[in-house]
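> Provided below: final-v3.txt, containing compact mmCIF, C-alpha atoms and all ligand atoms.
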# COMPACT_ATOMS: atom_id res chain seq x y z
CA MET A 10 -60.32 35.84 55.19
CA VAL A 11 -62.07 38.57 57.14
CA THR A 12 -58.85 40.16 58.48
CA ASN A 13 -57.38 40.32 55.01
CA LYS A 14 -60.50 41.92 53.56
CA GLU A 15 -60.75 44.49 56.33
CA LEU A 16 -57.08 45.46 55.98
CA ILE A 17 -57.50 45.96 52.23
CA LYS A 18 -60.68 47.97 52.72
CA LEU A 19 -59.14 50.18 55.40
CA THR A 20 -55.99 50.82 53.36
CA SER A 21 -58.03 51.56 50.23
CA ASP A 22 -60.36 53.91 52.10
CA LEU A 23 -57.40 55.81 53.56
CA ILE A 24 -55.70 56.10 50.15
CA LYS A 25 -58.79 57.86 48.74
CA PHE A 26 -58.20 60.89 50.97
CA GLN A 27 -55.92 63.35 49.18
CA SER A 28 -54.23 64.12 52.47
CA THR A 29 -51.15 65.85 51.10
CA LYS A 30 -49.13 67.95 53.49
CA ASP A 31 -50.96 71.24 52.88
CA ASN A 32 -54.44 69.86 52.25
CA TYR A 33 -55.94 70.65 55.65
CA SER A 34 -59.54 69.70 54.76
CA GLU A 35 -58.58 66.26 53.37
CA ILE A 36 -56.39 65.58 56.40
CA LYS A 37 -59.33 66.48 58.65
CA LYS A 38 -61.66 64.23 56.64
CA CYS A 39 -59.20 61.35 56.91
CA LEU A 40 -59.00 61.80 60.69
CA GLU A 41 -62.82 61.98 60.87
CA TYR A 42 -62.91 58.63 59.06
CA ILE A 43 -60.57 57.17 61.69
CA LYS A 44 -62.69 58.57 64.53
CA LYS A 45 -65.83 57.10 62.97
CA TYR A 46 -64.09 53.73 62.64
CA PHE A 47 -63.90 53.60 66.44
CA ALA A 48 -67.48 54.76 67.06
CA ASN A 49 -69.35 52.64 69.64
CA THR A 50 -66.19 51.27 71.24
CA ASN A 51 -64.54 51.91 74.62
CA ILE A 52 -61.57 53.55 72.88
CA ILE A 53 -60.44 57.00 74.05
CA ILE A 54 -59.59 59.48 71.29
CA LYS A 55 -57.80 62.74 72.08
CA GLU A 56 -57.50 65.42 69.43
CA PHE A 57 -54.65 67.87 69.02
CA GLU A 58 -53.79 70.60 66.56
CA TYR A 59 -50.59 72.64 66.31
CA ASN A 60 -50.16 75.17 63.49
CA LYS A 61 -53.05 73.65 61.52
CA LYS A 62 -51.55 70.16 61.72
CA PRO A 63 -54.14 67.98 63.46
CA SER A 64 -53.37 64.67 65.14
CA LEU A 65 -55.04 61.97 67.26
CA VAL A 66 -53.98 59.92 70.24
CA ILE A 67 -56.04 56.74 70.46
CA SER A 68 -55.83 54.54 73.56
CA PHE A 69 -57.60 52.34 76.07
CA GLN A 70 -56.47 54.25 79.18
CA ASN A 71 -56.43 57.96 79.84
CA LYS A 72 -52.77 58.58 80.70
CA THR A 73 -49.54 59.96 79.27
CA HIS A 74 -47.08 57.08 79.58
CA TYR A 75 -47.74 53.79 77.81
CA LYS A 76 -45.74 50.59 77.60
CA LEU A 77 -46.21 50.57 73.83
CA LEU A 78 -46.83 53.48 71.51
CA LEU A 79 -47.65 53.01 67.83
CA ASN A 80 -46.92 55.95 65.56
CA GLY A 81 -48.42 56.51 62.14
CA HIS A 82 -48.82 59.40 59.71
CA ILE A 83 -51.65 59.96 57.26
CA ASP A 84 -50.05 62.79 55.27
CA VAL A 85 -48.72 61.82 51.85
CA VAL A 86 -46.59 63.47 49.19
CA GLU A 87 -48.29 64.89 46.07
CA ALA A 88 -49.53 62.44 43.44
CA ASP A 89 -51.39 62.20 40.13
CA GLU A 90 -55.18 62.15 40.56
CA GLU A 91 -55.38 58.46 39.57
CA GLN A 92 -53.11 57.43 42.47
CA TYR A 93 -55.89 58.28 44.91
CA ASN A 94 -57.93 55.57 43.28
CA PRO A 95 -56.60 52.34 44.84
CA LYS A 96 -56.09 49.37 42.53
CA ILE A 97 -55.25 45.74 43.20
CA LYS A 98 -53.12 43.60 40.89
CA GLU A 99 -52.38 40.16 42.30
CA ASP A 100 -50.53 40.67 45.62
CA LYS A 101 -50.05 44.41 45.15
CA LEU A 102 -52.32 47.20 46.32
CA TYR A 103 -51.43 50.40 44.44
CA GLY A 104 -52.12 53.98 45.49
CA ARG A 105 -50.55 57.06 47.04
CA GLY A 106 -49.62 56.30 50.61
CA ALA A 107 -50.18 52.53 50.21
CA ILE A 108 -46.79 51.84 51.79
CA ASP A 109 -45.95 55.33 53.15
CA MET A 110 -47.84 54.76 55.32
CA LYS A 111 -51.57 54.22 55.09
CA GLY A 112 -51.19 50.44 54.91
CA GLY A 113 -49.31 50.45 58.20
CA VAL A 114 -51.90 52.81 59.71
CA ALA A 115 -54.66 50.42 58.58
CA ALA A 116 -52.93 47.57 60.42
CA PHE A 117 -52.73 49.76 63.56
CA LEU A 118 -56.43 50.71 63.35
CA LEU A 119 -57.61 47.14 62.94
CA LEU A 120 -55.36 45.99 65.77
CA ILE A 121 -56.73 48.62 68.19
CA LYS A 122 -60.30 47.75 67.24
CA GLU A 123 -59.72 44.02 67.69
CA LEU A 124 -58.03 44.55 71.06
CA SER A 125 -60.91 46.73 72.24
CA LYS A 126 -63.15 43.65 72.05
CA GLN A 127 -61.03 41.77 74.62
CA LYS A 128 -61.95 41.57 78.29
CA THR A 129 -58.87 43.57 79.31
CA GLN A 130 -56.92 45.95 77.13
CA PRO A 131 -53.16 46.26 76.76
CA ASP A 132 -51.18 49.25 78.00
CA MET A 133 -50.73 50.94 74.65
CA ALA A 134 -51.70 53.90 72.48
CA LEU A 135 -51.75 54.84 68.81
CA MET A 136 -50.60 58.26 67.66
CA ILE A 137 -51.82 59.45 64.25
CA VAL A 138 -50.04 62.55 62.94
CA SER A 139 -50.32 64.60 59.75
CA ASP A 140 -46.98 66.33 59.17
CA GLU A 141 -44.36 63.58 58.92
CA GLU A 142 -43.55 64.52 55.35
CA LEU A 143 -42.81 68.04 56.63
CA GLY A 144 -40.40 66.85 59.30
CA GLY A 145 -43.00 66.28 62.02
CA PRO A 146 -42.56 69.36 64.28
CA ASN A 147 -46.31 69.85 64.84
CA GLY A 148 -47.25 66.18 65.07
CA THR A 149 -44.82 63.77 66.72
CA GLY A 150 -42.58 66.71 67.64
CA GLN A 151 -45.29 68.24 69.86
CA LEU A 152 -46.93 65.02 71.06
CA SER A 153 -43.61 63.51 72.15
CA LYS A 154 -43.52 66.29 74.77
CA LYS A 155 -46.84 65.01 76.19
CA TYR A 156 -46.71 61.26 75.65
CA THR A 157 -43.91 58.86 76.48
CA ALA A 158 -43.53 55.08 76.22
CA ASP A 159 -41.23 52.13 76.86
CA LEU A 160 -41.17 51.38 73.13
CA VAL A 161 -42.35 53.28 70.04
CA ILE A 162 -43.03 51.54 66.73
CA ALA A 163 -43.71 53.38 63.46
CA SER A 164 -44.88 51.36 60.46
CA GLU A 165 -42.85 53.30 57.88
CA PRO A 166 -41.69 51.43 54.77
CA ILE A 167 -38.82 49.03 55.49
CA GLN A 168 -36.37 47.21 53.29
CA SER A 169 -36.43 43.50 52.84
CA ILE A 170 -35.98 41.08 49.99
CA SER A 171 -39.36 39.40 50.22
CA PRO A 172 -42.90 40.18 51.44
CA SER A 173 -42.55 37.25 53.84
CA ILE A 174 -39.74 38.98 55.76
CA ILE A 175 -40.27 41.84 58.21
CA ASN A 176 -37.19 43.69 59.40
CA ILE A 177 -36.62 46.39 62.02
CA VAL A 178 -34.84 49.71 61.54
CA ILE A 179 -32.98 50.72 64.70
CA ALA A 180 -30.95 53.70 63.45
CA GLU A 181 -31.30 56.53 60.95
CA LYS A 182 -28.73 59.15 60.01
CA GLY A 183 -28.97 62.69 61.36
CA VAL A 184 -29.76 65.45 58.87
CA LEU A 185 -28.12 68.86 58.71
CA TRP A 186 -29.11 71.45 56.07
CA LEU A 187 -26.75 74.35 55.63
CA LYS A 188 -26.63 77.52 53.57
CA ILE A 189 -23.08 78.62 52.80
CA ILE A 190 -22.77 82.25 51.73
CA ALA A 191 -19.73 83.75 49.99
CA LYS A 192 -19.30 87.50 49.62
CA GLY A 193 -16.87 89.21 47.25
CA LYS A 194 -16.44 92.41 45.26
CA ALA A 195 -18.21 93.11 41.96
CA CYS A 196 -16.44 94.58 38.91
CA HIS A 197 -16.38 94.32 35.11
CA ALA A 198 -15.18 90.93 33.81
CA SER A 199 -12.58 92.61 31.61
CA ARG A 200 -10.64 93.63 34.76
CA PRO A 201 -11.20 90.69 37.12
CA TRP A 202 -8.18 91.70 39.22
CA LEU A 203 -10.23 94.64 40.53
CA GLY A 204 -12.85 92.35 42.02
CA ASP A 205 -13.25 89.29 44.21
CA ASN A 206 -15.33 86.54 42.62
CA ALA A 207 -17.81 85.15 45.20
CA LEU A 208 -18.77 82.18 43.00
CA VAL A 209 -15.16 81.08 42.69
CA THR A 210 -14.71 81.41 46.47
CA LEU A 211 -17.86 79.35 46.96
CA THR A 212 -16.82 76.48 44.66
CA GLN A 213 -13.36 76.40 46.22
CA THR A 214 -15.02 76.22 49.63
CA TYR A 215 -17.17 73.33 48.45
CA ASN A 216 -14.09 71.42 47.32
CA LYS A 217 -12.53 71.93 50.75
CA LEU A 218 -15.72 70.82 52.54
CA LYS A 219 -15.99 67.72 50.36
CA LYS A 220 -12.70 66.50 51.82
CA LEU A 221 -14.33 66.28 55.26
CA PHE A 222 -16.59 63.52 53.97
CA PRO A 223 -15.22 60.07 53.19
CA ASP A 224 -16.42 58.24 50.08
CA THR A 225 -18.96 55.52 50.76
CA THR A 226 -18.31 52.08 49.33
CA THR A 227 -20.67 49.34 48.24
CA GLN A 228 -19.59 47.45 51.37
CA ASN A 229 -20.12 50.42 53.66
CA ARG A 230 -22.66 53.20 53.13
CA TRP A 231 -22.92 53.91 56.86
CA LYS A 232 -20.75 57.03 56.70
CA ASN A 233 -21.27 60.80 56.80
CA THR A 234 -22.31 62.14 53.39
CA LEU A 235 -22.52 65.55 51.72
CA ASN A 236 -24.80 66.66 48.89
CA LEU A 237 -24.56 69.98 47.07
CA GLY A 238 -28.25 70.58 46.29
CA LYS A 239 -28.39 74.15 44.99
CA ILE A 240 -26.03 76.91 43.99
CA THR A 241 -26.96 80.52 43.20
CA GLY A 242 -24.95 83.58 42.31
CA GLY A 243 -23.92 85.98 39.57
CA ASP A 244 -26.02 87.48 36.79
CA SER A 245 -24.00 87.74 33.59
CA PRO A 246 -20.78 86.44 32.03
CA ASN A 247 -19.20 89.91 31.92
CA LYS A 248 -19.57 90.66 35.61
CA VAL A 249 -17.55 89.41 38.58
CA PRO A 250 -20.23 88.36 41.12
CA ASP A 251 -20.08 89.70 44.66
CA TYR A 252 -22.53 87.19 46.14
CA ALA A 253 -23.00 83.43 45.90
CA GLU A 254 -24.66 80.80 48.06
CA MET A 255 -25.10 77.04 48.14
CA LEU A 256 -27.42 74.66 49.95
CA LEU A 257 -25.92 71.52 51.44
CA ASP A 258 -27.52 68.36 52.80
CA ILE A 259 -25.34 66.49 55.28
CA ARG A 260 -26.24 63.06 56.67
CA TYR A 261 -24.26 61.91 59.66
CA ILE A 262 -23.75 58.84 61.82
CA GLU A 263 -23.13 58.21 65.53
CA SER A 264 -19.40 59.02 65.45
CA THR A 265 -20.26 62.73 65.27
CA ASN A 266 -23.10 65.23 65.82
CA SER A 267 -24.27 68.45 64.21
CA LYS A 268 -22.34 70.68 66.67
CA LYS A 269 -19.06 68.94 65.95
CA LEU A 270 -19.71 69.03 62.20
CA ILE A 271 -20.51 72.75 62.17
CA SER A 272 -17.43 73.63 64.18
CA LYS A 273 -15.26 71.54 61.79
CA ILE A 274 -16.85 73.32 58.83
CA LYS A 275 -16.42 76.79 60.34
CA LYS A 276 -12.71 76.11 60.86
CA ILE A 277 -12.06 75.71 57.15
CA LEU A 278 -14.26 78.55 55.86
CA PRO A 279 -12.38 81.58 54.47
CA LYS A 280 -13.16 84.86 56.25
CA ASN A 281 -15.62 86.11 53.58
CA VAL A 282 -17.70 82.92 53.78
CA THR A 283 -20.39 82.29 56.41
CA VAL A 284 -22.67 79.38 57.31
CA GLU A 285 -26.36 79.35 58.29
CA ILE A 286 -28.20 76.35 59.72
CA ILE A 287 -31.48 75.72 57.87
CA ASP A 288 -32.42 72.43 59.51
CA ASP A 289 -30.85 70.26 62.17
CA ALA A 290 -32.54 66.91 62.84
CA PRO A 291 -30.77 64.47 65.17
CA MET A 292 -30.16 60.78 64.45
CA LEU A 293 -32.51 58.00 65.35
CA ILE A 294 -30.33 55.94 67.63
CA ASN A 295 -31.19 53.26 70.19
CA LYS A 296 -29.07 52.51 73.21
CA ASN A 297 -31.53 50.41 75.21
CA MET A 298 -32.12 47.29 73.12
CA LEU A 299 -34.13 45.15 75.57
CA GLN A 300 -37.63 45.92 74.19
CA ILE A 301 -36.34 45.90 70.63
CA LYS A 302 -34.83 42.43 71.05
CA LYS A 303 -38.21 41.21 72.34
CA LEU A 304 -39.90 42.62 69.23
CA GLN A 305 -37.27 41.00 67.01
CA GLN A 306 -37.77 37.57 68.62
CA SER A 307 -41.54 37.84 68.50
CA ILE A 308 -41.63 38.80 64.80
CA ALA A 309 -39.15 36.04 63.95
CA LYS A 310 -41.49 33.56 65.64
CA SER A 311 -44.56 34.88 63.82
CA THR A 312 -42.96 35.07 60.39
CA GLN A 313 -40.75 31.98 60.78
CA THR A 314 -37.83 33.95 59.32
CA LYS A 315 -34.78 35.82 60.55
CA VAL A 316 -35.44 39.45 61.46
CA GLU A 317 -32.59 41.84 60.71
CA LEU A 318 -31.85 45.00 62.69
CA LEU A 319 -31.10 47.62 60.03
CA LYS A 320 -29.59 51.08 59.79
CA GLU A 321 -31.24 53.50 57.35
CA HIS A 322 -30.03 56.60 55.52
CA GLY A 323 -33.35 58.48 55.59
CA ALA A 324 -34.97 60.25 58.53
CA SER A 325 -38.34 59.89 60.27
CA ASP A 326 -40.45 61.21 63.15
CA LEU A 327 -38.97 58.65 65.53
CA ARG A 328 -35.92 60.79 66.22
CA PHE A 329 -38.16 62.88 68.51
CA TYR A 330 -38.47 59.85 70.78
CA SER A 331 -34.97 58.44 70.52
CA ASP A 332 -33.71 61.94 71.32
CA LYS A 333 -35.37 61.51 74.74
CA GLY A 334 -33.73 58.12 75.22
CA ILE A 335 -36.96 56.24 74.48
CA PRO A 336 -36.46 53.08 72.37
CA ALA A 337 -38.02 53.73 68.95
CA VAL A 338 -37.99 51.60 65.82
CA ILE A 339 -39.40 51.43 62.34
CA CYS A 340 -41.11 48.18 61.67
CA GLY A 341 -43.66 48.06 58.89
CA PRO A 342 -44.95 45.98 56.01
CA LEU A 343 -43.16 45.70 52.67
CA GLY A 344 -43.96 47.62 49.50
CA SER A 345 -42.17 49.85 47.05
CA ASN A 346 -42.00 53.10 45.06
CA TYR A 347 -42.98 55.31 47.97
CA HIS A 348 -43.16 58.94 46.88
CA GLY A 349 -43.15 57.54 43.31
CA LYS A 350 -45.73 56.85 40.62
CA GLU A 351 -46.33 53.15 41.17
CA GLU A 352 -46.43 53.14 44.96
CA PHE A 353 -47.74 49.85 46.29
CA ILE A 354 -47.92 47.59 49.32
CA TYR A 355 -47.78 43.78 49.24
CA ILE A 356 -51.13 42.57 50.56
CA SER A 357 -49.51 39.40 51.90
CA SER A 358 -46.94 41.50 53.76
CA LEU A 359 -49.64 43.75 55.25
CA GLU A 360 -51.47 40.71 56.51
CA LEU A 361 -48.30 39.13 57.88
CA TYR A 362 -47.34 42.39 59.56
CA TYR A 363 -50.75 42.67 61.20
CA LYS A 364 -50.49 39.13 62.57
CA ALA A 365 -46.92 39.60 63.82
CA LEU A 366 -47.79 42.86 65.55
CA LYS A 367 -50.89 41.36 67.14
CA ASN A 368 -48.86 38.41 68.46
CA PHE A 369 -46.23 40.77 69.83
CA VAL A 370 -48.83 42.84 71.68
CA LYS A 371 -50.62 39.78 73.03
CA GLU A 372 -47.38 38.24 74.28
CA ASN A 373 -45.98 41.36 75.93
CA TYR A 374 -48.66 43.87 76.91
ZN ZN B 1 -43.60 57.86 55.91
Please lay out the structure from this file as C-alpha cells.


Amino acid sequence: MVTNKELIKLTSDLIKFQSTKDNYSEIKKCLEYIKKYFANTNIIIKEFEYNKKPSLVISFQNKTHYKLLLNGHIDVVEADEEQYNPKIKEDKLYGRGAIDMKGGVAAFLLLIKELSKQKTQPDMALMIVSDEELGGPNGTGQLSKKYTADLVIASEPIQSISPSIINIVIAEKGVLWLKIIAKGKACHASRPWLGDNALVTLTQTYNKLKKLFPDTTTQNRWKNTLNLGKITGGDSPNKVPDYAEMLLDIRYIESTNSKKLISKIKKILPKNVTVEIIDDAPMLINKNMLQIKKLQQSIAKSTQTKVELLKEHGASDLRFYSDKGIPAVICGPLGSNYHGKEEFIYISSLELYYKALKNFVKENY
C-alpha cells in the first residue's frame, strides 16, 4: 500500500535526524526536510524562532484561528548512535523518536499533503515545534499566544492494550518543582547541642510534607503525588551542617492547584526552612467536551473499537492550550519504550491512526 510505504519512509527519514533538544543544526535540518516535503504545493509555511528553538506553522489559509490545530514536536531525548538508524522487525519500526513523536508527525505531514490535493482545503493548521522535551516554552508556549483553535490534537504516545485501539488523553496532572532549603548552625559533631542540624530539620520537614499526599492505590492513581528527587547538605561526619536542600516533584490533580499547594506547604514549614518554586506547569484539563466527543465517535467508527478517554500522569505541551480554555487532547498511534533503548512504533497502528485522523478531518472540517 502506498500510504503505508510513505508513512514508513517519512517516519524513518525523520528518525535519522539527531534532533535532540540542544542540537540546533539537526533540528534545523529536520525542519528543512519538512519544508522540502511541501515544495510545489499550495501550503503556507510560517517560520518562527524563540531562543534558538525554531518551529513551523503549516496551513492552507493565512490566519491565526483554525477549527483544528495539530501539534507535533520533532525534538527527541538523547539516544545511542544506532537508534538514529531506523529498523523494521515485523510490525515494529524501531528508532529514537519513532513513537515520541516522529511517527505521529509523519502522519500529520502526509495528511496535510494529501488534503492539499483536494479541491477545497479544511480549516486547519499543523504546528511543528522543537522544545517539547524541554517543557515547550519557546515552541507551543510562544505559538499558543499567536494561534488559537477550536480543538488541538497532539500525537504524543498513548496507552492502549493493542495496536488496533486508539485512545484519547483528556487530562494530565499539573507539575510543581520545589526547592526546600533548611538553614541551621554549624558546630563540631562532638558537641551537637551547640549547633542546629539543617539536614535533620530538612528530613523532618520532608516527613511532614509527605503527610499532605495520600498514598495511591492500584485502583486509583489519580491523586496528588510527591517525589523526593535530590537531597544535598553537609560535608563530613564530624560536623553539624548548617545548610541542606532538597528538590521535590509534585504532581497534582483538579481538586487543587499550585497556589493552594504552596500555601499548604508554607504553613507547615518551620521558621528556618524556606521554599523556592523551580517550575510550575498547570494541568491539562478539558471542560468543553463537545469537539472531543466528536473525535471519540469518529475514531471509534474508523477503528471499529471502543475509544477510551484517559487521564495521564505525565505532562505535555497541550497544557498551554487548555490553560486558555481551548479543548486539547493527546491522540496518537501506539508504540512503546519512548525515551528508552528499544523505542518503537507499531506500523499497523501508525497506518490506522492516519486513516482515523483523515476520516475525522474529512467528516468535520
Ligand atoms: Zn513527546

> Residues within 7 Å of ligand ZN 1 (chain B) should be enumerated using all atoms listed in the file and returned as a PyMOL selection string.

chain A and resi 82+109-110+141-142+165-166

> Tell me, in Å to one decimal, how far atom CA of A:Val138 is from atom CA of A:Glu360.

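Between atom CA of A:Val138 and atom CA of A:Glu360 the gap works out to 22.8 Å.
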
> I need the residue nearest A:Glu90 from this list: A:Ile294, A:Lys350, A:Tyr46, A:Ser311. Use all atoms listed in the file for the distance.

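Among A:Ile294, A:Lys350, A:Tyr46, A:Ser311, it is A:Lys350 that comes nearest to A:Glu90.
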
> Using all atoms listed in the file, which residue out of A:Leu235, A:Ala115, A:Ala207, A:Leu343 lies closest to A:Gln168?

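Counting all atoms listed in the file, the residue closest to A:Gln168 is A:Leu343.
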
> When you draw a straight line from atom CA of A:Asp89 to atom CA of A:Ile43, how long is it in Å?

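Those two atoms sit 24.0 Å apart.
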
> Hey, which bits of stretch 156-202 of chain A sit within 12 Å of stretch 77-80 of chain A, and for each residue what's the closest pair of atoms and how far apart in Å (one decimal), counting only C-alpha atoms, rows by chain and increasing number, as CSV?


residue,atom,partner,partner_atom,distance
A:Tyr156,CA,A:Leu78,CA,8.8
A:Thr157,CA,A:Leu78,CA,7.9
A:Ala158,CA,A:Leu77,CA,5.8
A:Asp159,CA,A:Leu77,CA,6.0
A:Leu160,CA,A:Leu77,CA,5.2
A:Val161,CA,A:Leu78,CA,4.7
A:Ile162,CA,A:Leu79,CA,5.0
A:Ala163,CA,A:Asn80,CA,4.6
A:Ser164,CA,A:Asn80,CA,7.2
A:Glu165,CA,A:Asn80,CA,9.1

> Residues near stretch 277-292 of chain A, anyone? I mean within 7 Å using only C-alpha atoms, not counting same-chain ones fewer than 6 positions away, as a PDB file with C-alpha atoms, in the frame of the given file.


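Written file, selection.pdb:
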ATOM      1  CA  GLU A 181     -31.300  56.530  60.950  1.00  0.00           C
ATOM      2  CA  LYS A 182     -28.730  59.150  60.010  1.00  0.00           C
ATOM      3  CA  GLY A 183     -28.970  62.690  61.360  1.00  0.00           C
ATOM      4  CA  VAL A 184     -29.760  65.450  58.870  1.00  0.00           C
ATOM      5  CA  LEU A 185     -28.120  68.860  58.710  1.00  0.00           C
ATOM      6  CA  TRP A 186     -29.110  71.450  56.070  1.00  0.00           C
ATOM      7  CA  LEU A 187     -26.750  74.350  55.630  1.00  0.00           C
ATOM      8  CA  LYS A 188     -26.630  77.520  53.570  1.00  0.00           C
ATOM      9  CA  ILE A 189     -23.080  78.620  52.800  1.00  0.00           C
ATOM     10  CA  ILE A 190     -22.770  82.250  51.730  1.00  0.00           C
ATOM     11  CA  ALA A 191     -19.730  83.750  49.990  1.00  0.00           C
ATOM     12  CA  LYS A 192     -19.300  87.500  49.620  1.00  0.00           C
ATOM     13  CA  THR A 214     -15.020  76.220  49.630  1.00  0.00           C
ATOM     14  CA  ARG A 328     -35.920  60.790  66.220  1.00  0.00           C
TER      15      ARG A 328
END

> Give me, please, the distance in Å between atom CA of A:Ile177 and atom CA of A:Lys111, quoted to one decimal.

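Separation of atom CA of A:Ile177 and atom CA of A:Lys111: 18.2 Å.
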
> Using all atoms listed in the file, can you tell me which of A:Ser125, A:Ser171, A:Asn71, A:Thr29 comes closest to A:Phe47?

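Among A:Ser125, A:Ser171, A:Asn71, A:Thr29, it is A:Ser125 that comes nearest to A:Phe47.
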
> Measuring between all atoms listed in the file, which one of A:Ile167, A:Asn247, A:Lys371, A:Leu211 shows the shortest distance to A:Ile339?

A:Ile167

> Using all atoms listed in the file, which of A:Thr20, A:Asn368, A:Thr265, A:Ser358 sits nearest A:Gln305?

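The answer is A:Asn368, which sits nearest to A:Gln305.
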
> Would you mind telling me which residue in A:Asn147, A:Gln300, A:Ser173, A:Gln70 lies nearest to A:Leu359 when using all atoms listed in the file?

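Among the listed residues, A:Ser173 lies closest to A:Leu359.
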
> Using all atoms listed in the file, what residues lie at most 6 Å away from (-45.2, 45.3, 51.2) (file coordinates), given as a list of chain:residue names?

A:Pro172, A:Pro342, A:Leu343, A:Gly344, A:Ile354, A:Tyr355, A:Ser358

> So that I can check the surroundings of A:Pro250, please list as a ChimeraX atom specification every protein, DNA and RNA residue that reaches within 12 Å of it, counting all atoms listed in the file and ignoring chain neighbours fewer than 2 positions away.

/A:191-198,201,203-211,241-248,252-254
